[in-house]
Amino acid sequence: MISLRRLTIKGFRAYTEVKEFNFDSPMVLLFGENARGKSSTLNAIEWCLFGNECMGKGTGIRERINWELPNRNTKPPNVSVMLELEDKEGRRYVISRSLVPHGRRRGLEEKLRINLPEGGLVEGGEAKARLQQLVKLSFRDFLTTVYQHQEAIRAVLTQEPRDRNDAIDRLLGLSDYRNILTGIEGARLEKERREIGTSFDSFAKEVGVALQTRKTDLKERAVKAQQKGLGESQLNQREALKIAEGAKDRLVEFAHQIGLGLPEIRVPKEWKGLSQFERALEREIKRFRSEIPEVMRQQDLFRDRSRITELREAYRREKENEYHARRKFQDFIRQKGTGKVLDEKIKGILEEIGKKKKTLEKADARATLVRDALEYLSSDVKGAQDRCPLCGNKAANLAEHLKEEWQERIGGEVRKLQKEIDNLRMQLEELEGSSQEYDRLKEGLESAKKRANEVNRRIAKVLAREITEKDDPYVLLNRKLDSIKKELKELEDVVGSRQDILDGIAHLLNQIEAVVDILNGEEKMRIVEEIEASPEYSQMEELKDEFAILLDDIGKIKEAVGEVSHEEARQKVGAAERVIDNYFRQIAGNPSVTNMRFSVSVDSRTARNHYEFKDQNGEDLTPVLSQGDLNALALSIFLGMATSGAVKESFGFVMLDDPSQSLGSGHKEKLTEILDEVLKDRMVVLSSMDKELQDLTFSRITGAKKKYVFSHWTPEEGPGVKEE
Amino acid sequence: MKTETYERLRRLHEKHGSREFGKLCQKFLAIAFQAAGYRHIEERGVQGVDFDAAKERKEKYAVEVKTTVANSISFEEKDVEGLKKRKKDGYQPVLAVLRLHRFSHWILADADSIKSGNVYIDSLRVHRLSELERCIGPLFDRIIEEHFDGAMREAQTYLDKVLRQRVMR
């Protein structure tokens, strides 16, 4: 068992400055009013031993949620707790746990160090392992068997039966068994198995739906096959192969009939090759459809017919063009004469224009003379008005006379000539236009003739005969078209019968396709059958078997652990029952409880330990106890366990935090008597604000005592502690 | 169990209902045991273990048959007691369970350590008599194929006839 020797605290919760406590008496009393730092002292011990484990929701203590370790008035935060412990061989361990600022964000890092009795220092993980070896208890066990935390112990009595059983298991040191059972249950293997089962069921359901769909599909395919002329008895591989054989024979015979070659195509031995066979035959049928000789002749004739029809149209068109060109030409000649006539007319007009021009030139010479004379006579030359400008003779009114002659004779003649010339030129222009028109019409006619001749030449070529003027190509072409039509009619019947044969073979291929479709669908359905025969399915079955064995084994382990746990619980409860009963009756002094039975049984549903507190009549006690009695019972269990030897503790001390809550004077008196008994076996650290309990402790407890008085508390200095 | 077997069983279940279906399966299974060479079949329609099947002195089974569409069966105390009695007579107690479900098959489990109560079928895998299952499973498929039409028509009457005829042979 390990004992407390010394505690040094700095910067932890209520503490700012360094404070030291010596545990060198069997009884150490931490006395003071509320909020003076007593609980922080006990908390410092548990934190030094268990670190973060004693914080947070997992502790089951409400106040530990968001628990703040560093003292808010210590800047920067610097938490340090040092605990000196001594084992039964008298070796001393100094455990130091601290929180120091760390990293850029100045977070706090926890550090653990242990000064070993043999000398040397261990840190970090090594220190943690060494501490676990020394302490042996889990934090939860510490909380219920060493540190009597009011809330934790009360939970033993007031929580749900399941939690209470859990708490008492821990109290009795049966946590390992319970943890194993909790671990097994937490693995939820049975649930896993059921989920696997459900998942497989879903798969099987899906397969069922898929099969149903395929069945419906198969029925539809069978209907289609029947529509293609197949009987129900033909919807199998044997019949499909038979049809394939027939199709092939008919195609071979057909090829022979029309004199075409056919590559070797074999009927497969199994239906799976039928699709390929079907494709090969389809290819050949397609080829035959276009290569049948009569079909090829048909193609030639269609081509000829089209060419002749087109030629006939061209002939008709060119003939018509020629007719129109000739008619226009002849009409022109009739109206305007031939080219020769027009040429002669043009020649005559040209000569006439020449003559007129000469006359005009003469008339024009005299006119020039008269005009010059008139200009002279009307000039400012002295004496010019009445004198001839040529001979110089005087002539009265010469200018008047000349002006008159100009107006009446010379000017009129010139204008008349000019007009006549203009008329002749217009006639000439018209004749020249006609002459050009004549040439154009003549040329058009020639061109039409030429095109008609070209068509004739093509007709001659198509008809393979000479076309003379005595022939009517149009009729010849019609006759040729009639002969093509006749031949086409004859071919149509032959080709029709040939295509019918090929259609018949194609129909057989359709039937094969329908049967193959059905066989395919049936094969897909067979795959489902094969699932069960597959190695994967066997493997899954083996895994299911193995899983069942695993679950069975785990079930047996669970049963065995439950049995061992129950047996140990039974022994411990048996050992502590009387002590707890005595303590409870002493502290509570409840006259209605003459005997308190603490018993354990096995919960038939969970196979776990089930604890009960009953009175002498076998009635459940907890529902009828007062707050004070419940506290008394909680203390009785805690102290009973600590002193009865039911739990093999590694700690040689117990810590009680405010144990006299709701206890009356009588209760407290009895409590101190019991504490006196506890002191025979281990040290007691008692934290209280209860003056009455303090007095009783000093007056009734026989062991040596030490008191630390927590007189005041200030934010700067923390608790004011004085040793008395 | 073959898909065809499942489909046939499903149709039998549909036609005759759960109770009669259970009886039919019991008889089908007894016939499968017969086919496997267990010449001595004692089938009980009403009380006691469903049937005994014996081949030689050492191969003697007392079979309690359970059929269900769910994933668990109710193994009652009277079933446990019945099997215990047969064990005293030298019969190996067998709990034969068939879940009417695709991919399901007979589980023939050594019933010695099976406790009464609601038993999850998959948990019986631990107790499987694998060799016996391998022997009976395919025969069951065959028997169903062979006698399906008769069972559809005449139900138990037909299968009783088959059992009797096979005994005579």
# chains A, B, ... in the order shown; residues from 1 in each chain; ligands from 1
call {"tool": "residues_around", "arguments": {"residues": "Gly273 in chain A", "least_positions_apart": "2", "cutoff": "12 Å", "atoms": "only C-alpha atoms", "output": "VMD selection string"}}
result
chain A and resid 237 240 to 241 244 265 to 271 275 to 280 512 to 513 516 519 to 520
call {"tool": "write_last_selection", "arguments": {"atoms": "C-alpha atoms", "output": "tab-separated table (two decimals), in the first residue's frame"}}
result
chain	number	residue	atom	x	y	z
A	237	GLN	CA	-31.12	-25.90	-78.50
A	240	ALA	CA	-32.58	-24.29	-83.05
A	241	LEU	CA	-29.69	-26.31	-84.45
A	244	ALA	CA	-29.98	-23.75	-88.64
A	265	ILE	CA	-20.44	-22.11	-93.26
A	266	ARG	CA	-20.74	-24.70	-90.51
A	267	VAL	CA	-23.70	-25.16	-88.25
A	268	PRO	CA	-22.35	-24.91	-84.67
A	269	LYS	CA	-22.69	-27.77	-82.23
A	270	GLU	CA	-24.08	-25.61	-79.47
A	271	TRP	CA	-26.61	-22.80	-79.47
A	275	SER	CA	-25.55	-15.92	-83.42
A	276	GLN	CA	-22.32	-16.00	-85.39
A	277	PHE	CA	-23.80	-18.53	-87.79
A	278	GLU	CA	-26.86	-16.33	-88.20
A	279	ARG	CA	-24.72	-13.29	-88.99
A	280	ALA	CA	-22.69	-15.24	-91.59
A	512	ILE	CA	-33.06	-19.01	-84.77
A	513	GLU	CA	-32.59	-15.55	-83.28
A	516	VAL	CA	-31.22	-17.95	-79.11
A	519	LEU	CA	-31.73	-19.74	-74.51
A	520	ASN	CA	-29.74	-16.66	-73.54
call {"tool": "select_by_dssp", "arguments": {"residues": "range 26-67 of chain B", "states": "helix (DSSP H, G or I)", "output": "ChimeraX atom specification"}}
result
/B:26-35
call {"tool": "select_by_dssp", "arguments": {"residues": "chain B", "states": "strand (DSSP E)", "output": "VMD selection string"}}
result
chain B and resid 40 to 43 51 to 54 60 to 68 72 to 75 92 to 99 107 to 110 117 to 120
call {"tool": "write_last_selection", "arguments": {"atoms": "N, CA and C atoms", "output": "tab-separated table (two decimals), in the first residue's frame"}}
result
chain	number	residue	atom	x	y	z
B	40	HIS	N	-35.03	-47.23	-41.69
B	40	HIS	CA	-36.03	-47.23	-40.61
B	40	HIS	C	-36.43	-45.80	-40.30
B	41	ILE	N	-37.58	-45.45	-40.77
B	41	ILE	CA	-38.09	-44.10	-40.51
B	41	ILE	C	-39.36	-44.22	-39.68
B	42	GLU	N	-39.36	-43.54	-38.58
B	42	GLU	CA	-40.60	-43.50	-37.80
B	42	GLU	C	-41.04	-42.06	-37.71
B	43	GLU	N	-42.08	-41.80	-38.43
B	43	GLU	CA	-42.53	-40.43	-38.53
B	43	GLU	C	-43.75	-40.21	-37.64
B	51	PHE	N	-39.51	-37.07	-36.39
B	51	PHE	CA	-39.26	-38.43	-36.91
B	51	PHE	C	-37.90	-38.95	-36.47
B	52	ASP	N	-37.83	-40.30	-36.45
B	52	ASP	CA	-36.55	-40.97	-36.20
B	52	ASP	C	-36.08	-41.52	-37.52
B	53	ALA	N	-34.78	-41.51	-37.71
B	53	ALA	CA	-34.22	-42.11	-38.93
B	53	ALA	C	-33.01	-42.93	-38.52
B	54	ALA	N	-33.02	-44.19	-38.91
B	54	ALA	CA	-31.90	-45.05	-38.51
B	54	ALA	C	-31.39	-45.84	-39.70
B	60	LYS	N	-28.27	-43.28	-35.86
B	60	LYS	CA	-29.68	-43.14	-35.49
B	60	LYS	C	-29.93	-41.67	-35.12
B	61	TYR	N	-30.85	-41.08	-35.82
B	61	TYR	CA	-31.14	-39.67	-35.55
B	61	TYR	C	-32.60	-39.49	-35.14
B	62	ALA	N	-32.78	-38.63	-34.16
B	62	ALA	CA	-34.14	-38.18	-33.81
B	62	ALA	C	-34.22	-36.73	-34.27
B	63	VAL	N	-35.14	-36.49	-35.22
B	63	VAL	CA	-35.12	-35.18	-35.88
B	63	VAL	C	-36.36	-34.35	-35.52
B	64	GLU	N	-36.08	-33.17	-35.00
B	64	GLU	CA	-37.15	-32.20	-34.72
B	64	GLU	C	-37.10	-31.18	-35.87
B	65	VAL	N	-38.20	-31.06	-36.60
B	65	VAL	CA	-38.19	-30.22	-37.80
B	65	VAL	C	-38.86	-28.87	-37.53
B	66	LYS	N	-38.20	-27.82	-37.96
B	66	LYS	CA	-38.78	-26.47	-37.85
B	66	LYS	C	-38.69	-25.79	-39.21
B	67	THR	N	-39.79	-25.23	-39.65
B	67	THR	CA	-39.74	-24.43	-40.90
B	67	THR	C	-40.27	-23.04	-40.58
B	68	THR	N	-39.72	-22.09	-41.27
B	68	THR	CA	-40.11	-20.70	-41.02
B	68	THR	C	-39.80	-19.83	-42.23
B	72	SER	N	-35.53	-16.64	-37.43
B	72	SER	CA	-35.37	-17.35	-36.16
B	72	SER	C	-36.51	-18.34	-35.97
B	73	ILE	N	-36.30	-19.28	-35.06
B	73	ILE	CA	-37.35	-20.28	-34.79
B	73	ILE	C	-37.60	-20.34	-33.29
B	74	SER	N	-38.74	-20.90	-32.97
B	74	SER	CA	-39.04	-21.07	-31.55
B	74	SER	C	-38.77	-22.54	-31.20
B	75	PHE	N	-37.74	-22.75	-30.41
B	75	PHE	CA	-37.36	-24.10	-30.00
B	75	PHE	C	-37.87	-24.25	-28.57
B	92	GLN	N	-29.27	-39.77	-31.83
B	92	GLN	CA	-28.61	-38.46	-31.82
B	92	GLN	C	-29.67	-37.38	-32.06
B	93	PRO	N	-29.86	-36.46	-31.14
B	93	PRO	CA	-30.90	-35.44	-31.37
B	93	PRO	C	-30.48	-34.42	-32.43
B	94	VAL	N	-31.38	-34.21	-33.36
B	94	VAL	CA	-31.07	-33.28	-34.46
B	94	VAL	C	-32.19	-32.24	-34.55
B	95	LEU	N	-31.78	-31.00	-34.63
B	95	LEU	CA	-32.76	-29.94	-34.90
B	95	LEU	C	-32.60	-29.57	-36.37
B	96	ALA	N	-33.63	-29.86	-37.17
B	96	ALA	CA	-33.56	-29.59	-38.61
B	96	ALA	C	-34.36	-28.32	-38.89
B	97	VAL	N	-33.68	-27.32	-39.42
B	97	VAL	CA	-34.34	-26.03	-39.64
B	97	VAL	C	-34.27	-25.64	-41.11
B	98	LEU	N	-35.42	-25.29	-41.66
B	98	LEU	CA	-35.44	-24.79	-43.03
B	98	LEU	C	-36.13	-23.44	-43.05
B	99	ARG	N	-35.39	-22.49	-43.54
B	99	ARG	CA	-36.00	-21.17	-43.72
B	99	ARG	C	-36.43	-21.07	-45.18
B	107	ILE	N	-30.59	-26.67	-42.26
B	107	ILE	CA	-29.52	-26.75	-41.25
B	107	ILE	C	-29.88	-27.92	-40.36
B	108	LEU	N	-28.99	-28.90	-40.36
B	108	LEU	CA	-29.20	-30.06	-39.49
B	108	LEU	C	-28.22	-29.91	-38.33
B	109	ALA	N	-28.74	-29.53	-37.18
B	109	ALA	CA	-27.87	-29.17	-36.06
B	109	ALA	C	-27.94	-30.21	-34.94
B	110	ASP	N	-26.77	-30.47	-34.40
B	110	ASP	CA	-26.69	-31.33	-33.22
B	110	ASP	C	-27.41	-30.59	-32.09
B	117	GLY	N	-35.91	-21.70	-26.53
B	117	GLY	CA	-36.12	-20.25	-26.66
B	117	GLY	C	-36.20	-19.86	-28.11
B	118	ASN	N	-36.11	-18.56	-28.33
B	118	ASN	CA	-36.14	-18.07	-29.70
B	118	ASN	C	-34.71	-18.18	-30.25
B	119	VAL	N	-34.55	-19.01	-31.24
B	119	VAL	CA	-33.18	-19.29	-31.72
B	119	VAL	C	-32.98	-18.64	-33.09
B	120	TYR	N	-31.94	-17.82	-33.15
B	120	TYR	CA	-31.58	-17.19	-34.43
B	120	TYR	C	-30.94	-18.27	-35.31
call {"tool": "closest_atom_pairs", "arguments": {"of": "chain B", "to": "chain A", "cutoff": "7 Å", "atoms": "only C-alpha atoms", "output": "JSON lines"}}
result
{"residue": "B:Lys2", "atom": "CA", "partner": "A:Glu529", "partner_atom": "CA", "distance": 6.4}
{"residue": "B:Thr3", "atom": "CA", "partner": "A:Glu529", "partner_atom": "CA", "distance": 6.0}
{"residue": "B:Arg102", "atom": "CA", "partner": "A:Ala204", "partner_atom": "CA", "distance": 5.8}
{"residue": "B:Phe103", "atom": "CA", "partner": "A:Ala204", "partner_atom": "CA", "distance": 6.9}
{"residue": "B:Asp122", "atom": "CA", "partner": "A:Ala548", "partner_atom": "CA", "distance": 6.9}
{"residue": "B:Ser123", "atom": "CA", "partner": "A:Ala548", "partner_atom": "CA", "distance": 5.6}
{"residue": "B:Arg125", "atom": "CA", "partner": "A:Asp545", "partner_atom": "CA", "distance": 5.5}
{"residue": "B:Val126", "atom": "CA", "partner": "A:Ile549", "partner_atom": "CA", "distance": 5.3}
call {"tool": "residues_around", "arguments": {"residues": "Ala70 in chain B", "least_positions_apart": "6", "cutoff": "9 Å", "atoms": "only C-alpha atoms", "output": "JSON, numbers by chain"}}
result
{"B": [99, 100, 101, 121]}
call {"tool": "residues_around", "arguments": {"residues": "Arg19 in chain B", "least_positions_apart": "4", "cutoff": "12 Å", "atoms": "only C-alpha atoms", "output": "PyMOL selection string"}}
result
chain B and resi 12-15+23-26+66-69+155-156
call {"tool": "atom_distance", "arguments": {"atom1": "CA of Glu56 in chain B", "atom2": "CA of Lys84 in chain B"}}
result
20.3 Å
call {"tool": "closest_residue", "arguments": {"among": "A:Cys54, A:Leu172, A:Ile587, A:Ala373", "to": "His667 in chain A", "atoms": "only C-alpha atoms"}}
result
A:Ile587
call {"tool": "atom_distance", "arguments": {"atom1": "CA of Ile505 in chain A", "atom2": "CA of Ala247 in chain A"}}
result
5.4 Å
call {"tool": "closest_residue", "arguments": {"among": "B:Ile143, B:Arg57, B:Leu132, B:Leu9", "to": "Arg39 in chain B", "atoms": "only C-alpha atoms"}}
result
B:Arg57
call {"tool": "atom_distance", "arguments": {"atom1": "CA of Asp87 in chain A", "atom2": "CA of Arg5 in chain A"}}
result
10.3 Å
call {"tool": "residues_around", "arguments": {"residues": "range 295-308 of chain A", "least_positions_apart": "4", "cutoff": "9 Å", "atoms": "only C-alpha atoms", "output": "number ranges by chain"}}
result
A: 289-291, 312-313, 459, 462, 477-478, 480-481, 484-485, 487-488, 491-492, 494-495
call {"tool": "write_last_selection", "arguments": {"atoms": "C-alpha atoms", "output": "JSON list (two decimals), in the first residue's frame"}}
result
[["chain", "number", "residue", "atom", "x", "y", "z"],
["A", 289, "ARG", "CA", -29.95, -10.52, -103.13],
["A", 290, "SER", "CA", -27.75, -8.21, -105.16],
["A", 291, "GLU", "CA", -25.78, -10.78, -107.11],
["A", 312, "ARG", "CA", -36.05, 10.50, -125.92],
["A", 313, "GLU", "CA", -36.75, 13.60, -123.97],
["A", 459, "ILE", "CA", -29.58, 7.64, -130.32],
["A", 462, "VAL", "CA", -27.77, 3.53, -128.00],
["A", 477, "LEU", "CA", -36.66, 4.91, -128.97],
["A", 478, "ASN", "CA", -40.23, 4.12, -127.94],
["A", 480, "LYS", "CA", -36.78, 0.09, -127.64],
["A", 481, "LEU", "CA", -38.42, 1.14, -124.35],
["A", 484, "ILE", "CA", -37.08, -3.22, -122.18],
["A", 485, "LYS", "CA", -40.37, -3.05, -120.37],
["A", 487, "GLU", "CA", -38.05, -7.96, -120.58],
["A", 488, "LEU", "CA", -38.29, -6.32, -117.14],
["A", 491, "LEU", "CA", -37.45, -10.72, -115.03],
["A", 492, "GLU", "CA", -39.64, -9.43, -112.24],
["A", 494, "VAL", "CA", -38.03, -14.69, -111.82],
["A", 495, "VAL", "CA", -36.41, -12.30, -109.36]]
call {"tool": "residues_around", "arguments": {"residues": "Ser636 in chain A", "least_positions_apart": "3", "cutoff": "12 Å", "atoms": "only C-alpha atoms", "output": "ChimeraX atom specification"}}
result
/A:145,148,153-154,156-157,576-588,596,598,629-633,639-644,659,667,670-671,674-675,678
call {"tool": "write_last_selection", "arguments": {"atoms": "N, CA and C atoms", "output": "mmCIF file, in the first residue's frame"}}
result
data_model
loop_
_atom_site.group_PDB
_atom_site.id
_atom_site.type_symbol
_atom_site.label_atom_id
_atom_site.label_comp_id
_atom_site.auth_asym_id
_atom_site.auth_seq_id
_atom_site.Cartn_x
_atom_site.Cartn_y
_atom_site.Cartn_z
ATOM 1 N N THR A 145 -13.055 4.183 -4.204
ATOM 2 C CA THR A 145 -12.492 3.432 -3.078
ATOM 3 C C THR A 145 -11.443 4.220 -2.285
ATOM 4 N N GLN A 148 -13.343 9.654 -1.507
ATOM 5 C CA GLN A 148 -14.793 9.618 -1.331
ATOM 6 C C GLN A 148 -15.353 10.934 -1.845
ATOM 7 N N ILE A 153 -20.078 8.769 -4.871
ATOM 8 C CA ILE A 153 -20.607 7.752 -3.965
ATOM 9 C C ILE A 153 -22.134 7.777 -3.944
ATOM 10 N N ARG A 154 -22.683 8.987 -3.993
ATOM 11 C CA ARG A 154 -24.149 9.083 -4.020
ATOM 12 C C ARG A 154 -24.720 8.392 -5.249
ATOM 13 N N VAL A 156 -23.816 5.712 -6.453
ATOM 14 C CA VAL A 156 -23.959 4.283 -6.166
ATOM 15 C C VAL A 156 -25.382 3.978 -5.714
ATOM 16 N N LEU A 157 -25.971 4.949 -5.031
ATOM 17 C CA LEU A 157 -27.290 4.702 -4.460
ATOM 18 C C LEU A 157 -28.445 5.238 -5.289
ATOM 19 N N ALA A 576 -17.816 -7.812 3.256
ATOM 20 C CA ALA A 576 -18.066 -6.428 3.663
ATOM 21 C C ALA A 576 -19.462 -6.192 4.211
ATOM 22 N N GLU A 577 -20.339 -7.134 3.953
ATOM 23 C CA GLU A 577 -21.750 -6.931 4.275
ATOM 24 C C GLU A 577 -21.975 -6.544 5.737
ATOM 25 N N ARG A 578 -21.344 -7.299 6.633
ATOM 26 C CA ARG A 578 -21.565 -7.053 8.061
ATOM 27 C C ARG A 578 -21.000 -5.694 8.474
ATOM 28 N N VAL A 579 -19.791 -5.396 7.943
ATOM 29 C CA VAL A 579 -19.166 -4.114 8.300
ATOM 30 C C VAL A 579 -20.038 -2.964 7.824
ATOM 31 N N ILE A 580 -20.505 -3.064 6.575
ATOM 32 C CA ILE A 580 -21.349 -1.984 6.010
ATOM 33 C C ILE A 580 -22.635 -1.860 6.829
ATOM 34 N N ASP A 581 -23.220 -3.011 7.163
ATOM 35 C CA ASP A 581 -24.449 -3.017 7.959
ATOM 36 C C ASP A 581 -24.203 -2.316 9.295
ATOM 37 N N ASN A 582 -23.089 -2.686 9.928
ATOM 38 C CA ASN A 582 -22.750 -2.066 11.222
ATOM 39 C C ASN A 582 -22.570 -0.573 11.082
ATOM 40 N N TYR A 583 -21.749 -0.172 10.101
ATOM 41 C CA TYR A 583 -21.468 1.246 9.883
ATOM 42 C C TYR A 583 -22.767 2.005 9.639
ATOM 43 N N PHE A 584 -23.572 1.456 8.757
ATOM 44 C CA PHE A 584 -24.813 2.159 8.389
ATOM 45 C C PHE A 584 -25.707 2.332 9.609
ATOM 46 N N ARG A 585 -25.878 1.238 10.336
ATOM 47 C CA ARG A 585 -26.767 1.336 11.495
ATOM 48 C C ARG A 585 -26.192 2.296 12.540
ATOM 49 N N GLN A 586 -24.803 2.276 12.644
ATOM 50 C CA GLN A 586 -24.163 3.192 13.606
ATOM 51 C C GLN A 586 -24.381 4.651 13.188
ATOM 52 N N ILE A 587 -24.078 4.935 11.912
ATOM 53 C CA ILE A 587 -24.144 6.336 11.474
ATOM 54 C C ILE A 587 -25.587 6.808 11.384
ATOM 55 N N ALA A 588 -26.424 5.999 10.727
ATOM 56 C CA ALA A 588 -27.792 6.451 10.467
ATOM 57 C C ALA A 588 -28.649 6.401 11.743
ATOM 58 N N MET A 596 -29.400 -4.326 7.716
ATOM 59 C CA MET A 596 -29.300 -3.893 6.311
ATOM 60 C C MET A 596 -28.563 -4.980 5.520
ATOM 61 N N PHE A 598 -26.864 -6.299 2.229
ATOM 62 C CA PHE A 598 -26.234 -5.891 0.956
ATOM 63 C C PHE A 598 -25.994 -7.200 0.215
ATOM 64 N N ASP A 629 -29.724 9.648 5.628
ATOM 65 C CA ASP A 629 -29.516 8.193 5.638
ATOM 66 C C ASP A 629 -28.776 7.729 4.375
ATOM 67 N N LEU A 630 -29.147 8.363 3.240
ATOM 68 C CA LEU A 630 -28.476 7.981 1.987
ATOM 69 C C LEU A 630 -26.989 8.303 2.075
ATOM 70 N N ASN A 631 -26.688 9.490 2.656
ATOM 71 C CA ASN A 631 -25.281 9.848 2.838
ATOM 72 C C ASN A 631 -24.594 8.872 3.781
ATOM 73 N N ALA A 632 -25.338 8.505 4.835
ATOM 74 C CA ALA A 632 -24.784 7.561 5.798
ATOM 75 C C ALA A 632 -24.493 6.222 5.121
ATOM 76 N N LEU A 633 -25.432 5.809 4.247
ATOM 77 C CA LEU A 633 -25.243 4.536 3.541
ATOM 78 C C LEU A 633 -24.040 4.619 2.602
ATOM 79 N N LEU A 639 -16.554 3.330 3.454
ATOM 80 C CA LEU A 639 -15.645 2.992 4.556
ATOM 81 C C LEU A 639 -15.628 1.485 4.831
ATOM 82 N N GLY A 640 -16.786 0.858 4.627
ATOM 83 C CA GLY A 640 -16.860 -0.597 4.800
ATOM 84 C C GLY A 640 -15.932 -1.308 3.841
ATOM 85 N N MET A 641 -15.956 -0.840 2.596
ATOM 86 C CA MET A 641 -15.094 -1.430 1.585
ATOM 87 C C MET A 641 -13.629 -1.164 1.929
ATOM 88 N N ALA A 642 -13.367 0.037 2.408
ATOM 89 C CA ALA A 642 -11.988 0.425 2.685
ATOM 90 C C ALA A 642 -11.411 -0.361 3.865
ATOM 91 N N THR A 643 -12.285 -0.769 4.788
ATOM 92 C CA THR A 643 -11.751 -1.388 6.005
ATOM 93 C C THR A 643 -11.996 -2.890 6.109
ATOM 94 N N SER A 644 -12.923 -3.412 5.311
ATOM 95 C CA SER A 644 -13.271 -4.821 5.501
ATOM 96 C C SER A 644 -12.269 -5.764 4.863
ATOM 97 N N PRO A 659 -17.791 14.927 4.242
ATOM 98 C CA PRO A 659 -18.632 13.732 4.421
ATOM 99 C C PRO A 659 -19.855 13.961 5.300
ATOM 100 N N HIS A 667 -25.348 11.316 13.764
ATOM 101 C CA HIS A 667 -24.666 10.706 12.611
ATOM 102 C C HIS A 667 -23.179 11.018 12.659
ATOM 103 N N LYS A 670 -21.192 9.204 15.269
ATOM 104 C CA LYS A 670 -20.935 7.816 14.869
ATOM 105 C C LYS A 670 -19.884 7.761 13.770
ATOM 106 N N LEU A 671 -19.942 8.747 12.898
ATOM 107 C CA LEU A 671 -18.975 8.773 11.785
ATOM 108 C C LEU A 671 -17.547 8.868 12.334
ATOM 109 N N ILE A 674 -16.343 5.617 13.593
ATOM 110 C CA ILE A 674 -15.957 4.700 12.507
ATOM 111 C C ILE A 674 -14.612 5.122 11.923
ATOM 112 N N LEU A 675 -14.430 6.454 11.774
ATOM 113 C CA LEU A 675 -13.151 6.940 11.225
ATOM 114 C C LEU A 675 -11.993 6.500 12.135
ATOM 115 N N VAL A 678 -11.182 3.165 11.083
ATOM 116 C CA VAL A 678 -10.498 3.164 9.770
ATOM 117 C C VAL A 678 -9.022 3.504 9.955
#
